[in-house]
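Text of final_36.txt (compact mmCIF, N, CA and C atoms) as supplied:
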```
# COMPACT_ATOMS: atom_id res chain seq x y z
N MET A 1 9.07 22.02 4.21
CA MET A 1 8.70 23.15 5.02
C MET A 1 8.50 22.66 6.45
N ASP A 2 8.85 23.48 7.41
CA ASP A 2 8.72 23.10 8.82
C ASP A 2 7.25 22.93 9.21
N ALA A 3 7.00 21.98 10.09
CA ALA A 3 5.65 21.75 10.62
C ALA A 3 5.62 22.22 12.07
N GLY A 4 4.44 22.55 12.54
CA GLY A 4 4.27 23.00 13.92
C GLY A 4 2.92 22.56 14.46
N ILE A 5 2.60 22.99 15.65
CA ILE A 5 1.38 22.56 16.33
C ILE A 5 0.13 22.89 15.53
N GLY A 6 0.17 23.91 14.71
CA GLY A 6 -0.97 24.23 13.86
C GLY A 6 -1.27 23.16 12.83
N ASP A 7 -0.35 22.21 12.67
CA ASP A 7 -0.52 21.11 11.72
C ASP A 7 -1.05 19.84 12.38
N LEU A 8 -1.43 19.92 13.63
CA LEU A 8 -1.82 18.73 14.38
C LEU A 8 -2.95 17.95 13.70
N ASN A 9 -4.03 18.61 13.34
CA ASN A 9 -5.15 17.89 12.74
C ASN A 9 -4.77 17.25 11.40
N ALA A 10 -4.01 17.97 10.60
CA ALA A 10 -3.58 17.42 9.31
C ALA A 10 -2.66 16.22 9.53
N LEU A 11 -1.78 16.31 10.52
CA LEU A 11 -0.87 15.21 10.80
C LEU A 11 -1.63 14.00 11.32
N ARG A 12 -2.64 14.22 12.14
CA ARG A 12 -3.47 13.10 12.62
C ARG A 12 -4.14 12.39 11.46
N ARG A 13 -4.70 13.16 10.54
CA ARG A 13 -5.35 12.56 9.37
C ARG A 13 -4.35 11.74 8.55
N LEU A 14 -3.18 12.33 8.31
CA LEU A 14 -2.16 11.64 7.53
C LEU A 14 -1.72 10.36 8.23
N GLU A 15 -1.42 10.43 9.51
CA GLU A 15 -0.99 9.25 10.27
C GLU A 15 -2.03 8.14 10.19
N ASN A 16 -3.29 8.50 10.39
CA ASN A 16 -4.35 7.49 10.38
C ASN A 16 -4.52 6.86 9.01
N GLU A 17 -4.39 7.65 7.96
CA GLU A 17 -4.54 7.11 6.62
C GLU A 17 -3.33 6.27 6.20
N VAL A 18 -2.14 6.73 6.54
CA VAL A 18 -0.92 6.05 6.11
C VAL A 18 -0.60 4.83 6.98
N PHE A 19 -0.73 4.98 8.29
CA PHE A 19 -0.26 3.92 9.20
C PHE A 19 -1.36 3.10 9.85
N ARG A 20 -2.59 3.54 9.73
CA ARG A 20 -3.76 2.85 10.28
C ARG A 20 -3.52 2.40 11.72
N GLN A 21 -3.43 1.10 11.96
CA GLN A 21 -3.30 0.59 13.33
C GLN A 21 -2.02 1.02 14.03
N ASP A 22 -0.99 1.39 13.26
CA ASP A 22 0.28 1.81 13.86
C ASP A 22 0.38 3.34 14.01
N ALA A 23 -0.69 4.05 13.70
CA ALA A 23 -0.65 5.52 13.81
C ALA A 23 -0.31 5.92 15.24
N TRP A 24 0.48 6.96 15.35
CA TRP A 24 0.86 7.44 16.68
C TRP A 24 -0.34 7.99 17.42
N PRO A 25 -0.37 7.82 18.74
CA PRO A 25 -1.44 8.44 19.53
C PRO A 25 -1.29 9.97 19.56
N LEU A 26 -2.37 10.62 19.89
CA LEU A 26 -2.42 12.09 19.90
C LEU A 26 -1.28 12.70 20.71
N VAL A 27 -1.00 12.17 21.88
CA VAL A 27 0.04 12.75 22.74
C VAL A 27 1.41 12.70 22.06
N ASP A 28 1.69 11.63 21.31
CA ASP A 28 2.97 11.53 20.60
C ASP A 28 3.04 12.53 19.45
N LEU A 29 1.92 12.74 18.77
CA LEU A 29 1.90 13.72 17.68
C LEU A 29 2.13 15.13 18.23
N ILE A 30 1.50 15.44 19.36
CA ILE A 30 1.70 16.75 19.99
C ILE A 30 3.17 16.92 20.36
N ALA A 31 3.75 15.89 20.94
CA ALA A 31 5.17 15.95 21.31
C ALA A 31 6.05 16.17 20.08
N MET A 32 5.77 15.44 19.00
CA MET A 32 6.55 15.58 17.78
C MET A 32 6.49 17.01 17.25
N LEU A 33 5.34 17.63 17.38
CA LEU A 33 5.15 18.98 16.83
C LEU A 33 5.59 20.10 17.76
N THR A 34 5.92 19.78 19.02
CA THR A 34 6.23 20.85 19.97
C THR A 34 7.57 20.70 20.69
N MET A 35 8.10 19.51 20.82
CA MET A 35 9.34 19.34 21.58
C MET A 35 10.50 20.03 20.88
N PRO A 36 11.32 20.75 21.64
CA PRO A 36 12.47 21.44 21.04
C PRO A 36 13.49 20.45 20.46
N GLY A 37 14.13 20.86 19.39
CA GLY A 37 15.24 20.11 18.83
C GLY A 37 14.86 19.01 17.86
N LEU A 38 13.57 18.75 17.68
CA LEU A 38 13.16 17.70 16.75
C LEU A 38 13.08 18.24 15.33
N VAL A 39 13.30 17.36 14.38
CA VAL A 39 13.09 17.68 12.97
C VAL A 39 11.64 17.34 12.66
N ARG A 40 10.91 18.28 12.09
CA ARG A 40 9.50 18.05 11.72
C ARG A 40 9.22 18.82 10.45
N LEU A 41 9.08 18.08 9.36
CA LEU A 41 8.93 18.68 8.05
C LEU A 41 7.70 18.12 7.36
N LYS A 42 7.04 18.97 6.60
CA LYS A 42 5.84 18.54 5.89
C LYS A 42 5.97 18.86 4.41
N ALA A 43 5.27 18.06 3.62
CA ALA A 43 5.09 18.34 2.20
C ALA A 43 3.64 18.75 2.03
N VAL A 44 3.43 19.83 1.29
CA VAL A 44 2.09 20.40 1.15
C VAL A 44 1.79 20.62 -0.33
N VAL A 45 0.57 20.25 -0.73
CA VAL A 45 0.06 20.53 -2.07
C VAL A 45 -1.32 21.15 -1.91
N GLN A 46 -1.51 22.32 -2.48
CA GLN A 46 -2.78 23.04 -2.41
C GLN A 46 -3.32 23.10 -0.98
N ASN A 47 -2.46 23.52 -0.07
CA ASN A 47 -2.79 23.69 1.35
C ASN A 47 -3.14 22.40 2.08
N GLU A 48 -2.82 21.24 1.49
CA GLU A 48 -3.06 19.95 2.15
C GLU A 48 -1.73 19.28 2.45
N MET A 49 -1.57 18.82 3.71
CA MET A 49 -0.37 18.06 4.07
C MET A 49 -0.46 16.70 3.38
N ILE A 50 0.49 16.42 2.51
CA ILE A 50 0.50 15.15 1.80
C ILE A 50 1.61 14.22 2.27
N GLY A 51 2.53 14.76 3.07
CA GLY A 51 3.63 13.96 3.59
C GLY A 51 4.22 14.60 4.81
N PHE A 52 4.86 13.78 5.63
CA PHE A 52 5.47 14.28 6.87
C PHE A 52 6.64 13.39 7.22
N VAL A 53 7.68 14.01 7.77
CA VAL A 53 8.80 13.27 8.33
C VAL A 53 9.17 13.93 9.66
N GLY A 54 9.45 13.09 10.63
CA GLY A 54 9.89 13.57 11.93
C GLY A 54 11.14 12.82 12.35
N GLY A 55 12.08 13.54 12.95
CA GLY A 55 13.32 12.92 13.38
C GLY A 55 13.84 13.54 14.65
N ASP A 56 14.73 12.81 15.31
CA ASP A 56 15.35 13.33 16.53
C ASP A 56 16.78 12.86 16.63
N VAL A 57 17.54 13.60 17.40
CA VAL A 57 18.96 13.30 17.61
C VAL A 57 19.13 12.72 19.00
N ARG A 58 19.92 11.68 19.08
CA ARG A 58 20.28 11.07 20.37
C ARG A 58 21.79 11.27 20.55
N PRO A 59 22.16 12.44 21.09
CA PRO A 59 23.59 12.80 21.14
C PRO A 59 24.46 11.80 21.88
N ALA A 60 23.96 11.19 22.93
CA ALA A 60 24.77 10.25 23.69
C ALA A 60 25.17 9.05 22.83
N ASP A 61 24.30 8.70 21.86
CA ASP A 61 24.58 7.57 20.98
C ASP A 61 25.20 8.00 19.65
N HIS A 62 25.28 9.32 19.42
CA HIS A 62 25.78 9.87 18.15
C HIS A 62 24.96 9.39 16.97
N VAL A 63 23.64 9.31 17.18
CA VAL A 63 22.72 8.78 16.18
C VAL A 63 21.51 9.68 16.06
N GLY A 64 21.03 9.84 14.83
CA GLY A 64 19.75 10.48 14.60
C GLY A 64 18.75 9.42 14.15
N TRP A 65 17.51 9.61 14.49
CA TRP A 65 16.46 8.66 14.11
C TRP A 65 15.42 9.35 13.25
N VAL A 66 15.08 8.75 12.14
CA VAL A 66 13.90 9.14 11.39
C VAL A 66 12.76 8.39 12.08
N ALA A 67 12.00 9.11 12.89
CA ALA A 67 10.99 8.48 13.73
C ALA A 67 9.72 8.12 12.96
N THR A 68 9.39 8.94 11.98
CA THR A 68 8.21 8.67 11.16
C THR A 68 8.38 9.32 9.80
N LEU A 69 7.90 8.64 8.79
CA LEU A 69 7.91 9.16 7.42
C LEU A 69 6.71 8.57 6.71
N GLY A 70 5.81 9.43 6.27
CA GLY A 70 4.62 8.94 5.59
C GLY A 70 4.16 9.89 4.50
N VAL A 71 3.61 9.30 3.44
CA VAL A 71 3.09 10.07 2.31
C VAL A 71 1.71 9.49 1.99
N LEU A 72 0.74 10.38 1.77
CA LEU A 72 -0.60 9.93 1.41
C LEU A 72 -0.55 9.06 0.16
N PRO A 73 -1.35 8.01 0.09
CA PRO A 73 -1.30 7.08 -1.03
C PRO A 73 -1.41 7.74 -2.41
N ALA A 74 -2.22 8.76 -2.54
CA ALA A 74 -2.41 9.42 -3.85
C ALA A 74 -1.14 10.11 -4.34
N TYR A 75 -0.17 10.34 -3.46
CA TYR A 75 1.04 11.07 -3.82
C TYR A 75 2.29 10.19 -3.79
N ARG A 76 2.12 8.90 -3.63
CA ARG A 76 3.27 8.00 -3.61
C ARG A 76 3.82 7.80 -5.02
N GLY A 77 5.10 7.51 -5.11
CA GLY A 77 5.73 7.27 -6.40
C GLY A 77 6.11 8.54 -7.13
N MET A 78 5.97 9.69 -6.46
CA MET A 78 6.28 10.98 -7.08
C MET A 78 7.54 11.63 -6.50
N GLY A 79 8.24 10.91 -5.61
CA GLY A 79 9.45 11.45 -5.03
C GLY A 79 9.25 12.24 -3.75
N VAL A 80 8.02 12.30 -3.25
CA VAL A 80 7.75 13.07 -2.03
C VAL A 80 8.46 12.46 -0.82
N GLY A 81 8.35 11.15 -0.67
CA GLY A 81 9.00 10.47 0.45
C GLY A 81 10.51 10.62 0.40
N ARG A 82 11.08 10.47 -0.78
CA ARG A 82 12.54 10.63 -0.95
C ARG A 82 12.97 12.06 -0.59
N ALA A 83 12.21 13.04 -1.05
CA ALA A 83 12.55 14.44 -0.75
C ALA A 83 12.47 14.72 0.75
N LEU A 84 11.43 14.20 1.40
CA LEU A 84 11.31 14.38 2.85
C LEU A 84 12.45 13.68 3.58
N LEU A 85 12.80 12.47 3.14
CA LEU A 85 13.91 11.74 3.75
C LEU A 85 15.21 12.54 3.62
N HIS A 86 15.49 13.05 2.42
CA HIS A 86 16.71 13.85 2.22
C HIS A 86 16.73 15.07 3.13
N ALA A 87 15.61 15.77 3.22
CA ALA A 87 15.56 16.98 4.04
C ALA A 87 15.79 16.65 5.51
N CYS A 88 15.21 15.56 5.97
CA CYS A 88 15.41 15.14 7.36
C CYS A 88 16.85 14.74 7.60
N GLU A 89 17.42 13.95 6.68
CA GLU A 89 18.82 13.56 6.81
C GLU A 89 19.73 14.78 6.87
N ASP A 90 19.48 15.75 6.01
CA ASP A 90 20.32 16.95 6.00
C ASP A 90 20.36 17.60 7.37
N ARG A 91 19.23 17.67 8.02
CA ARG A 91 19.19 18.31 9.34
C ARG A 91 19.81 17.42 10.42
N LEU A 92 19.58 16.12 10.34
CA LEU A 92 20.15 15.22 11.34
C LEU A 92 21.66 15.11 11.20
N PHE A 93 22.15 15.02 9.95
CA PHE A 93 23.58 14.87 9.72
C PHE A 93 24.37 16.12 10.12
N LEU A 94 23.71 17.23 10.34
CA LEU A 94 24.40 18.42 10.87
C LEU A 94 24.86 18.17 12.29
N ARG A 95 24.23 17.22 12.98
CA ARG A 95 24.48 17.02 14.41
C ARG A 95 25.04 15.65 14.77
N VAL A 96 24.85 14.66 13.90
CA VAL A 96 25.34 13.30 14.18
C VAL A 96 25.79 12.64 12.87
N PRO A 97 26.69 11.65 12.95
CA PRO A 97 27.21 11.03 11.72
C PRO A 97 26.41 9.82 11.22
N VAL A 98 25.40 9.40 11.97
CA VAL A 98 24.65 8.19 11.63
C VAL A 98 23.16 8.47 11.77
N VAL A 99 22.38 7.94 10.82
CA VAL A 99 20.92 8.03 10.91
C VAL A 99 20.35 6.62 10.85
N ARG A 100 19.36 6.37 11.69
CA ARG A 100 18.67 5.08 11.71
C ARG A 100 17.17 5.30 11.53
N LEU A 101 16.50 4.22 11.15
CA LEU A 101 15.05 4.23 11.05
C LEU A 101 14.57 2.79 11.11
N SER A 102 13.29 2.63 11.38
CA SER A 102 12.72 1.28 11.39
C SER A 102 11.55 1.23 10.43
N VAL A 103 11.30 0.03 9.90
CA VAL A 103 10.25 -0.16 8.91
C VAL A 103 9.71 -1.59 9.04
N ARG A 104 8.43 -1.73 8.74
CA ARG A 104 7.83 -3.08 8.73
C ARG A 104 8.58 -3.97 7.74
N ARG A 105 8.79 -5.20 8.15
CA ARG A 105 9.46 -6.18 7.28
C ARG A 105 8.73 -6.34 5.95
N SER A 106 7.41 -6.16 5.95
CA SER A 106 6.61 -6.37 4.74
C SER A 106 6.51 -5.13 3.84
N ASN A 107 7.04 -4.01 4.27
CA ASN A 107 6.90 -2.76 3.51
C ASN A 107 8.00 -2.68 2.44
N ARG A 108 7.81 -3.44 1.38
CA ARG A 108 8.81 -3.57 0.33
C ARG A 108 9.12 -2.24 -0.37
N VAL A 109 8.11 -1.40 -0.56
CA VAL A 109 8.32 -0.12 -1.23
C VAL A 109 9.25 0.76 -0.41
N ALA A 110 8.98 0.87 0.89
CA ALA A 110 9.84 1.69 1.76
C ALA A 110 11.24 1.10 1.85
N ILE A 111 11.33 -0.21 1.96
CA ILE A 111 12.64 -0.86 2.04
C ILE A 111 13.46 -0.57 0.79
N ALA A 112 12.82 -0.64 -0.37
CA ALA A 112 13.53 -0.34 -1.62
C ALA A 112 14.03 1.11 -1.63
N LEU A 113 13.22 2.03 -1.14
CA LEU A 113 13.64 3.43 -1.04
C LEU A 113 14.87 3.55 -0.15
N TYR A 114 14.79 2.98 1.05
CA TYR A 114 15.90 3.13 2.00
C TYR A 114 17.17 2.48 1.47
N GLU A 115 17.06 1.31 0.86
CA GLU A 115 18.25 0.66 0.31
C GLU A 115 18.84 1.48 -0.83
N SER A 116 17.99 2.08 -1.65
CA SER A 116 18.49 2.91 -2.76
C SER A 116 19.18 4.17 -2.25
N GLU A 117 18.89 4.55 -1.01
CA GLU A 117 19.50 5.73 -0.41
C GLU A 117 20.70 5.39 0.48
N GLY A 118 21.14 4.14 0.44
CA GLY A 118 22.36 3.77 1.16
C GLY A 118 22.14 3.23 2.56
N TYR A 119 20.92 2.95 2.93
CA TYR A 119 20.65 2.37 4.25
C TYR A 119 20.87 0.86 4.20
N GLU A 120 21.34 0.31 5.32
CA GLU A 120 21.56 -1.12 5.45
C GLU A 120 20.93 -1.61 6.74
N VAL A 121 20.42 -2.84 6.72
CA VAL A 121 19.80 -3.43 7.92
C VAL A 121 20.88 -3.70 8.96
N VAL A 122 20.63 -3.24 10.19
CA VAL A 122 21.58 -3.46 11.28
C VAL A 122 20.95 -4.20 12.46
N ASP A 123 19.62 -4.36 12.43
CA ASP A 123 18.96 -5.03 13.55
C ASP A 123 17.54 -5.42 13.13
N VAL A 124 16.95 -6.32 13.89
CA VAL A 124 15.54 -6.69 13.73
C VAL A 124 14.90 -6.61 15.10
N TRP A 125 13.79 -5.87 15.17
CA TRP A 125 13.01 -5.80 16.40
C TRP A 125 11.84 -6.76 16.23
N ARG A 126 11.91 -7.89 16.88
CA ARG A 126 10.88 -8.93 16.76
C ARG A 126 9.55 -8.46 17.38
N GLY A 127 8.48 -8.67 16.63
CA GLY A 127 7.14 -8.37 17.14
C GLY A 127 6.90 -6.92 17.51
N TYR A 128 7.57 -6.00 16.85
CA TYR A 128 7.55 -4.58 17.22
C TYR A 128 6.18 -3.91 16.98
N TYR A 129 5.54 -4.25 15.89
CA TYR A 129 4.31 -3.55 15.53
C TYR A 129 3.08 -4.14 16.21
N PHE A 130 2.00 -3.39 16.14
CA PHE A 130 0.74 -3.73 16.81
C PHE A 130 0.32 -5.17 16.53
N ASP A 131 0.48 -5.61 15.30
CA ASP A 131 0.08 -6.96 14.91
C ASP A 131 1.21 -7.99 15.07
N ARG A 132 2.28 -7.58 15.74
CA ARG A 132 3.45 -8.41 16.06
C ARG A 132 4.39 -8.64 14.88
N GLU A 133 4.22 -7.88 13.80
CA GLU A 133 5.18 -7.98 12.69
C GLU A 133 6.51 -7.39 13.13
N ASP A 134 7.58 -7.95 12.61
CA ASP A 134 8.93 -7.45 12.93
C ASP A 134 9.20 -6.11 12.27
N ALA A 135 10.07 -5.34 12.89
CA ALA A 135 10.60 -4.11 12.30
C ALA A 135 12.06 -4.37 11.92
N LEU A 136 12.42 -3.92 10.73
CA LEU A 136 13.83 -3.92 10.32
C LEU A 136 14.40 -2.57 10.68
N VAL A 137 15.55 -2.56 11.31
CA VAL A 137 16.23 -1.32 11.65
C VAL A 137 17.32 -1.10 10.63
N PHE A 138 17.23 0.05 9.96
CA PHE A 138 18.20 0.43 8.92
C PHE A 138 19.10 1.54 9.45
N GLU A 139 20.30 1.59 8.90
CA GLU A 139 21.26 2.61 9.30
C GLU A 139 21.99 3.14 8.06
N LYS A 140 22.27 4.44 8.12
CA LYS A 140 23.06 5.09 7.07
C LYS A 140 24.11 5.96 7.75
N LYS A 141 25.35 5.81 7.28
CA LYS A 141 26.44 6.64 7.82
C LYS A 141 26.72 7.78 6.87
N LEU A 142 27.07 8.92 7.43
CA LEU A 142 27.46 10.07 6.65
C LEU A 142 28.78 9.75 5.95
N ASP A 143 28.79 9.95 4.65
CA ASP A 143 30.01 9.67 3.87
C ASP A 143 31.01 10.78 3.98
```
Just give me the structure of the file as C-alpha cells.
Amino acid sequence: MDAGIGDLNALRRLENEVFRQDAWPLVDLIAMLTMPGLVRLKAVVQNEMIGFVGGDVRPADHVGWVATLGVLPAYRGMGVGRALLHACEDRLFLRVPVVRLSVRRSNRVAIALYESEGYEVVDVWRGYYFDREDALVFEKKLD
C-alpha cells in the first residue's frame, strides 16, 4: 500500500528500530514521503507499519534504486521484505530496465534475499556506513 506524509512517525519508529545508527534523518524521511515520482510502499498489520520500501528512478542513468527496505524484527522471515521488494521492483521496472540497491556487507539475511531474487554484486562502496562498514551494491536487470 502507498505511504505518505501521514506515515512519518511510523516510518521514523521503523527506521530507528531496523537501522539504528544508520536510520535516515528526519529531513530525508520527509523527502521520501513527499517528493514526486518516488516509490514509497508500506506493509501494515493491525494499523501498524511493519515494513517499508522506498525507491527512485534516475532516468539519465536508466536505473532505479531501492533506497531503503526494512521490516520490523518481529515480522522477519514471513515474506514481508520479499513482497515489498517485488512491489517496488514492479513500479521501478515500468520506467527503467535496471534496479540497484546497497546493503551492509555483514547483512547476510538481506544478501541471501537479494541473491535469491536475481541480484548480483556490481560494486563495493568502502566505508559507506556510519561505522565505516562497506556497502555491497547489487543490481538486477529486467529479463
For this session: Identify which of the residues A:His86, A:Val96, A:Leu136, A:Asn47 lies closest to Gly118 in chain A, counting only C-alpha atoms when measuring atom-to-atom distances.
Result: A:His86
Problem set entry | Residues of chain A in strand (DSSP E or B), written as a PyMOL selection string | chain A and resi 2+39-45+48-58+63-71+98-104+120-125+135-141
Problem set entry | CA of Val109 in chain A to CA of Arg40 in chain A, distance in Å rounded to a single decimal |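 Computing it gives 22.3 Å between the two atoms.
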All residues 8 Å or closer to range 61-71 of chain A, all atoms listed in the file, same chain fewer than 2 positions away omitted, as a tab-separated table (two decimals) with N, CA and C atoms, keeping the file's coordinate frame:
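Output contents, as saved in result.tsv:
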```
chain	number	residue	atom	x	y	z
A	14	LEU	N	-3.18	12.33	8.31
A	14	LEU	CA	-2.16	11.64	7.53
A	14	LEU	C	-1.72	10.36	8.23
A	15	GLU	N	-1.42	10.43	9.51
A	15	GLU	CA	-0.99	9.25	10.27
A	15	GLU	C	-2.03	8.14	10.19
A	17	GLU	N	-4.39	7.65	7.96
A	17	GLU	CA	-4.54	7.11	6.62
A	17	GLU	C	-3.33	6.27	6.20
A	18	VAL	N	-2.14	6.73	6.54
A	18	VAL	CA	-0.92	6.05	6.11
A	18	VAL	C	-0.60	4.83	6.98
A	19	PHE	N	-0.73	4.98	8.29
A	19	PHE	CA	-0.26	3.92	9.20
A	19	PHE	C	-1.36	3.10	9.85
A	49	MET	N	-1.57	18.82	3.71
A	49	MET	CA	-0.37	18.06	4.07
A	49	MET	C	-0.46	16.70	3.38
A	50	ILE	N	0.49	16.42	2.51
A	50	ILE	CA	0.50	15.15	1.80
A	50	ILE	C	1.61	14.22	2.27
A	51	GLY	N	2.53	14.76	3.07
A	51	GLY	CA	3.63	13.96	3.59
A	51	GLY	C	4.22	14.60	4.81
A	52	PHE	N	4.86	13.78	5.63
A	52	PHE	CA	5.47	14.28	6.87
A	52	PHE	C	6.64	13.39	7.22
A	53	VAL	N	7.68	14.01	7.77
A	53	VAL	CA	8.80	13.27	8.33
A	53	VAL	C	9.17	13.93	9.66
A	54	GLY	N	9.45	13.09	10.63
A	54	GLY	CA	9.89	13.57	11.93
A	54	GLY	C	11.14	12.82	12.35
A	55	GLY	N	12.08	13.54	12.95
A	55	GLY	CA	13.32	12.92	13.38
A	55	GLY	C	13.84	13.54	14.65
A	56	ASP	N	14.73	12.81	15.31
A	56	ASP	CA	15.35	13.33	16.53
A	56	ASP	C	16.78	12.86	16.63
A	57	VAL	N	17.54	13.60	17.40
A	57	VAL	CA	18.96	13.30	17.61
A	57	VAL	C	19.13	12.72	19.00
A	58	ARG	N	19.92	11.68	19.08
A	58	ARG	CA	20.28	11.07	20.37
A	58	ARG	C	21.79	11.27	20.55
A	59	PRO	N	22.16	12.44	21.09
A	59	PRO	CA	23.59	12.80	21.14
A	59	PRO	C	24.46	11.80	21.88
A	73	PRO	N	-1.35	8.01	0.09
A	73	PRO	CA	-1.30	7.08	-1.03
A	73	PRO	C	-1.41	7.74	-2.41
A	74	ALA	N	-2.22	8.76	-2.54
A	74	ALA	CA	-2.41	9.42	-3.85
A	74	ALA	C	-1.14	10.11	-4.34
A	75	TYR	N	-0.17	10.34	-3.46
A	75	TYR	CA	1.04	11.07	-3.82
A	75	TYR	C	2.29	10.19	-3.79
A	76	ARG	N	2.12	8.90	-3.63
A	76	ARG	CA	3.27	8.00	-3.61
A	76	ARG	C	3.82	7.80	-5.02
A	80	VAL	N	8.02	12.30	-3.25
A	80	VAL	CA	7.75	13.07	-2.03
A	80	VAL	C	8.46	12.46	-0.82
A	81	GLY	N	8.35	11.15	-0.67
A	81	GLY	CA	9.00	10.47	0.45
A	81	GLY	C	10.51	10.62	0.40
A	84	LEU	N	11.43	14.20	1.40
A	84	LEU	CA	11.31	14.38	2.85
A	84	LEU	C	12.45	13.68	3.58
A	85	LEU	N	12.80	12.47	3.14
A	85	LEU	CA	13.91	11.74	3.75
A	85	LEU	C	15.21	12.54	3.62
A	88	CYS	N	15.21	15.56	5.97
A	88	CYS	CA	15.41	15.14	7.36
A	88	CYS	C	16.85	14.74	7.60
A	89	GLU	N	17.42	13.95	6.68
A	89	GLU	CA	18.82	13.56	6.81
A	89	GLU	C	19.73	14.78	6.87
A	92	LEU	N	19.58	16.12	10.34
A	92	LEU	CA	20.15	15.22	11.34
A	92	LEU	C	21.66	15.11	11.20
A	93	PHE	N	22.15	15.02	9.95
A	93	PHE	CA	23.58	14.87	9.72
A	93	PHE	C	24.37	16.12	10.12
A	95	ARG	N	24.23	17.22	12.98
A	95	ARG	CA	24.48	17.02	14.41
A	95	ARG	C	25.04	15.65	14.77
A	96	VAL	N	24.85	14.66	13.90
A	96	VAL	CA	25.34	13.30	14.18
A	96	VAL	C	25.79	12.64	12.87
A	97	PRO	N	26.69	11.65	12.95
A	97	PRO	CA	27.21	11.03	11.72
A	97	PRO	C	26.41	9.82	11.22
A	98	VAL	N	25.40	9.40	11.97
A	98	VAL	CA	24.65	8.19	11.63
A	98	VAL	C	23.16	8.47	11.77
A	99	VAL	N	22.38	7.94	10.82
A	99	VAL	CA	20.92	8.03	10.91
A	99	VAL	C	20.35	6.62	10.85
A	100	ARG	N	19.36	6.37	11.69
A	100	ARG	CA	18.67	5.08	11.71
A	100	ARG	C	17.17	5.30	11.53
A	101	LEU	N	16.50	4.22	11.15
A	101	LEU	CA	15.05	4.23	11.05
A	101	LEU	C	14.57	2.79	11.11
A	102	SER	N	13.29	2.63	11.38
A	102	SER	CA	12.72	1.28	11.39
A	102	SER	C	11.55	1.23	10.43
```
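Our summary of the geometry notes that CA of Val45 in chain A is positioned 23.7 Å from CA of Leu26 in chain A.
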For this session: Could you find all residues in range 2-143 of chain A that DSSP calls helix (DSSP H, G or I) from the backbone, and write them as an MDAnalysis selection string?
Result: chainID A and resid 5:22 26:34 59:61 73:75 80:93 108:116
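For the atom pair formed by CA of Thr34 in chain A and atom N of Met1 in chain A, the distance is 16.1 Å, given to one decimal.
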Exercise. Restricting the calculation to only C-alpha atoms, which member of A:Asp22, A:Ala110, A:Arg104, A:Glu115 is positioned closest to Ala135 in chain A?
Worked result: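 Closest to Ala135 in chain A of all the choices is A:Arg104.
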